[in-house]
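So this block is structure10.cif, mmCIF, C-alpha atoms:
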```cif
data_final
loop_
_atom_site.label_atom_id
_atom_site.label_comp_id
_atom_site.auth_asym_id
_atom_site.auth_seq_id
_atom_site.Cartn_x
_atom_site.Cartn_y
_atom_site.Cartn_z
CA MET A 1 -7.31 117.42 19.50
CA ALA A 2 -7.96 114.52 21.86
CA GLU A 3 -5.21 113.90 24.42
CA LYS A 4 -5.88 110.61 26.12
CA ILE A 5 -7.21 107.68 24.07
CA LYS A 6 -7.61 104.16 25.50
CA LEU A 7 -9.13 101.17 23.72
CA TYR A 8 -10.27 98.02 25.49
CA ALA A 9 -10.57 95.27 22.90
CA LEU A 10 -10.70 91.55 22.16
CA THR A 11 -8.19 90.01 19.76
CA THR A 12 -10.92 87.87 18.15
CA CYS A 13 -13.48 90.65 17.61
CA ILE A 14 -13.83 92.17 14.14
CA HIS A 15 -15.37 95.39 15.44
CA CYS A 16 -12.37 95.85 17.72
CA ARG A 17 -10.08 95.24 14.75
CA ASN A 18 -12.00 97.80 12.67
CA THR A 19 -11.69 100.32 15.53
CA LYS A 20 -7.92 99.80 15.70
CA GLU A 21 -7.71 100.17 11.91
CA TYR A 22 -9.74 103.37 11.97
CA LEU A 23 -7.66 104.92 14.76
CA LYS A 24 -4.51 104.03 12.80
CA ASP A 25 -5.95 105.64 9.67
CA CYS A 26 -6.67 108.77 11.70
CA GLY A 27 -3.01 108.75 12.73
CA VAL A 28 -3.71 109.02 16.46
CA ASP A 29 -1.67 107.43 19.25
CA TYR A 30 -3.68 105.36 21.70
CA ASP A 31 -3.27 102.81 24.48
CA CYS A 32 -4.76 99.42 23.65
CA VAL A 33 -5.55 96.53 26.00
CA ASP A 34 -6.55 93.16 24.49
CA VAL A 35 -8.50 91.89 27.48
CA ASP A 36 -8.92 88.32 26.24
CA ALA A 37 -5.13 88.00 26.14
CA LEU A 38 -4.87 88.75 29.88
CA GLN A 39 -5.14 86.28 32.71
CA GLY A 40 -5.99 86.19 36.41
CA GLU A 41 -5.50 89.32 38.51
CA GLU A 42 -4.29 91.42 35.62
CA ARG A 43 -7.49 90.64 33.68
CA GLU A 44 -9.64 91.31 36.75
CA LYS A 45 -7.95 94.69 37.30
CA VAL A 46 -8.56 95.75 33.71
CA LEU A 47 -12.17 94.50 33.80
CA GLU A 48 -12.74 96.71 36.82
CA GLU A 49 -11.47 99.66 34.76
CA VAL A 50 -13.82 98.74 31.90
CA ARG A 51 -16.82 98.42 34.23
CA GLN A 52 -16.17 101.96 35.52
CA VAL A 53 -16.82 103.38 32.06
CA ASN A 54 -19.00 100.61 30.58
CA PRO A 55 -20.95 98.59 33.15
CA ASN A 56 -22.05 96.15 30.45
CA CYS A 57 -18.39 95.17 29.96
CA THR A 58 -18.74 94.87 26.20
CA PHE A 59 -16.11 95.49 23.52
CA PRO A 60 -14.75 97.54 21.91
CA THR A 61 -14.87 100.14 24.64
CA LEU A 62 -13.08 103.30 23.53
CA VAL A 63 -12.34 106.16 25.91
CA ILE A 64 -11.37 109.47 24.26
CA ASP A 65 -10.57 111.95 27.06
CA ASP A 66 -13.89 111.94 28.98
CA LYS A 67 -16.03 110.43 26.18
CA VAL A 68 -16.85 106.69 26.16
CA ILE A 69 -17.80 105.01 22.86
CA VAL A 70 -19.02 101.39 22.96
CA GLY A 71 -18.95 99.52 19.68
CA PHE A 72 -17.32 100.54 16.40
CA ARG A 73 -19.22 103.80 15.83
CA LYS A 74 -17.13 105.66 13.26
CA ASP A 75 -19.08 108.93 13.32
CA GLU A 76 -18.91 109.21 17.11
CA ILE A 77 -15.19 108.44 17.10
CA GLU A 78 -14.53 111.02 14.40
CA GLU A 79 -16.52 113.60 16.38
CA ALA A 80 -14.71 112.85 19.66
CA LEU A 81 -11.28 113.05 18.00
CA LYS A 82 -12.03 116.50 16.62
CA ARG A 83 -12.87 118.06 20.02
CA MET H 1 -9.39 73.11 10.62
CA THR H 2 -9.11 76.43 8.79
CA ALA H 3 -11.69 79.24 8.75
CA GLN H 4 -12.42 78.37 5.11
CA GLU H 5 -13.10 74.72 5.98
CA LEU H 6 -15.33 75.76 8.87
CA TYR H 7 -17.18 78.10 6.50
CA GLU H 8 -17.83 75.33 3.98
CA LYS H 9 -18.91 72.92 6.71
CA LEU H 10 -21.33 75.32 8.44
CA LYS H 11 -22.78 77.13 5.40
CA PRO H 12 -25.29 74.47 4.26
CA ILE H 13 -26.26 73.65 7.85
CA GLN H 14 -26.96 77.26 8.83
CA GLU H 15 -28.64 78.21 5.55
CA ALA H 16 -31.04 75.30 6.05
CA LYS H 17 -31.97 77.01 9.35
CA GLY H 18 -32.55 80.33 7.56
CA TYR H 19 -29.27 82.05 8.46
CA GLN H 20 -26.73 83.29 5.93
CA PHE H 21 -23.10 84.16 6.53
CA ASN H 22 -22.25 87.84 6.16
CA LYS H 23 -21.46 88.32 2.46
CA ASP H 24 -18.30 90.26 3.39
CA LEU H 25 -16.20 87.09 3.53
CA GLU H 26 -12.72 88.61 3.64
CA GLY H 27 -13.54 91.50 5.95
CA THR H 28 -16.00 89.90 8.37
CA THR H 29 -17.03 86.25 8.00
CA LEU H 30 -13.64 84.56 7.69
CA PRO H 31 -11.96 86.65 10.43
CA LEU H 32 -14.89 85.90 12.78
CA LEU H 33 -14.70 82.17 11.96
CA GLU H 34 -10.97 82.43 12.67
CA GLY H 35 -11.90 83.98 16.03
CA LEU H 36 -14.19 81.02 16.76
CA LEU H 37 -11.32 78.62 16.05
CA VAL H 38 -9.01 80.61 18.35
CA ASN H 39 -11.62 80.42 21.11
CA LYS H 40 -12.12 76.69 20.48
CA ASN H 41 -8.40 76.21 21.13
CA ARG H 42 -8.43 78.49 24.18
CA TYR H 43 -11.57 77.32 25.92
CA GLY H 44 -12.52 74.04 24.22
CA TYR H 45 -15.72 75.50 22.76
CA MET H 46 -16.55 78.13 20.16
CA VAL H 47 -17.55 81.12 22.23
CA CYS H 48 -18.56 84.32 20.44
CA PRO H 49 -15.47 86.16 19.11
CA CYS H 50 -16.93 89.52 20.13
CA ARG H 51 -17.69 88.70 23.75
CA LEU H 52 -15.33 88.02 26.65
CA ALA H 53 -15.60 84.39 27.79
CA THR H 54 -15.02 83.26 31.39
CA GLY H 55 -13.64 79.86 30.38
CA ASP H 56 -16.42 78.24 32.44
CA ARG H 57 -18.59 76.42 29.91
CA ASP H 58 -21.76 76.70 32.02
CA LYS H 59 -21.36 80.47 32.40
CA ASP H 60 -20.54 80.88 28.71
CA ARG H 61 -23.29 78.55 27.42
CA ASP H 62 -25.52 81.39 26.14
CA ILE H 63 -22.70 82.86 24.03
CA ILE H 64 -21.42 79.64 22.45
CA CYS H 65 -21.87 80.23 18.73
CA PRO H 66 -24.56 80.30 17.43
CA CYS H 67 -25.47 82.26 20.55
CA GLU H 68 -28.89 82.40 22.18
CA TYR H 69 -29.24 85.99 21.00
CA ARG H 70 -28.79 85.26 17.25
CA GLU H 71 -32.45 84.59 16.63
CA PRO H 72 -33.89 87.77 18.21
CA ASP H 73 -31.01 89.90 16.87
CA VAL H 74 -31.33 88.70 13.28
CA ALA H 75 -35.11 89.06 13.52
CA GLU H 76 -34.82 92.64 14.79
CA TYR H 77 -31.67 93.95 13.10
CA GLY H 78 -30.99 91.47 10.28
CA SER H 79 -27.64 90.62 11.88
CA CYS H 80 -26.34 88.88 14.98
CA TYR H 81 -24.27 90.88 17.48
CA CYS H 82 -20.90 90.11 15.95
CA GLY H 83 -22.07 90.23 12.33
CA LEU H 84 -21.31 86.63 11.39
CA TYR H 85 -24.89 85.54 10.74
CA VAL H 86 -27.32 87.74 8.81
CA SER H 87 -30.69 87.54 7.08
CA ALA H 88 -31.09 87.20 3.31
CA ASP H 89 -32.49 90.76 3.28
CA TRP H 90 -29.42 92.06 5.13
CA ASN H 91 -27.12 90.51 2.51
CA ALA H 92 -29.37 91.81 -0.28
CA GLU H 93 -29.18 95.24 1.36
CA THR H 94 -32.96 95.64 1.35
CA VAL H 95 -32.76 96.42 5.06
CA PRO H 96 -30.44 99.03 6.64
CA HIS H 97 -27.16 97.83 8.18
CA VAL H 98 -27.30 99.11 11.74
CA TYR H 99 -25.19 98.67 14.88
CA VAL H 100 -26.50 95.70 16.89
CA PRO H 101 -26.51 96.50 20.63
CA GLU H 102 -25.62 93.84 23.20
CA ARG H 103 -28.79 91.91 24.14
CA ARG H 104 -27.08 89.76 26.78
CA PRO H 105 -27.92 90.80 30.35
CA ALA H 106 -24.96 92.67 31.94
CA GLU H 107 -24.89 90.42 35.00
CA LYS H 108 -23.92 87.47 32.81
CA PHE H 109 -20.57 89.03 31.98
CA ALA H 110 -17.22 88.06 33.57
#
```
Re-express the file's structure as structure tokens.
Amino acid sequence: MAEKIKLYALTTCIHCRNTKEYLKDCGVDYDCVDVDALQGEEREKVLEEVRQVNPNCTFPTLVIDDKVIVGFRKDEIEEALKR
Amino acid sequence: MTAQELYEKLKPIQEAKGYQFNKDLEGTTLPLLEGLLVNKNRYGYMVCPCRLATGDRDKDRDIICPCEYREPDVAEYGSCYCGLYVSADWNAETVPHVYVPERRPAEKFA
């Protein structure tokens, strides 16, 4: 089972919302950061984190242990959660 | 203005240009229109709900909805990046519904 799950999302994005919904349905705990709700230095710090794993800085960006999934890709998420 | 009102206002205008709203109103179109209204309040302009805006109108110009990438994305995939605008074929399901990758150059991001 996956240990560390972190989701970088936007509150206004439907694909981010679908990702959150799917993770909830799977019953997994995860950290979530709504980047558009952040301001100033805090936002900059988180954006730096995102760029490390997704240079395009797009959302949702989902990190499951060492796997990075960009966009709401259900099959890839399911696969990564199983490992 | 509510998402429903925005929907009714934009629908004839955008259909005249050859773009339909995603037929999944409850699950996609209305929430995305709601996102546009949230961004209008935040930034003063309707920046794409699925992209991170800078708050600087000049920097965000290409992603103010309808974004500059709608035309090539709908032509290639039948849907824009966020899924708000689609082709008639996409809604009729005569073309596959695929994930639309980000066409915007990475250096334009915040």
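The part of chain A that reaches within 6 Å of chain H is made up of Thr12, Cys13 and Asn56 of chain A, counting all atoms listed in the file.
Applied to this file, the PyMOL selection byres ((chain H and resi 86) around 9) selects Tyr19, Gln20, Phe21, Asn22, Lys23, Arg70, Val74, Tyr77, Gly78, Ser79, Cys80, Gly83, Leu84, Tyr85, Ser87, Ala88, Asp89, Trp90 and Asn91 of chain H.
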- Query: Rounded to one decimal in Å, what is the spacing between atom CA of Val63 of chain A and atom CA of Glu76 of chain A?
  - Reply: 11.4 Å
- Message: Given the PyMOL selection byres ((chain H and resi 47) around 6) and the file above, list the residues it selects as a ChimeraX atom specification.
- Response: /H:45-46,48,63-65
- Step by step, work through what the PyMOL selection byres ((chain A and resi 62) around 12) selects in the shown file, and finish by giving those residues as a ChimeraX atom specification. /A:4-9,15-16,19-20,23,30-33,49-50,53-54,57-61,63-74,76-77,80-81
- Task: Using all atoms listed in the file, pick whichever of A:Glu3, A:Arg83, A:Gln52, A:Thr11 has the shortest atom-to-atom distance to Ala37 of chain A.
- Result: A:Thr11
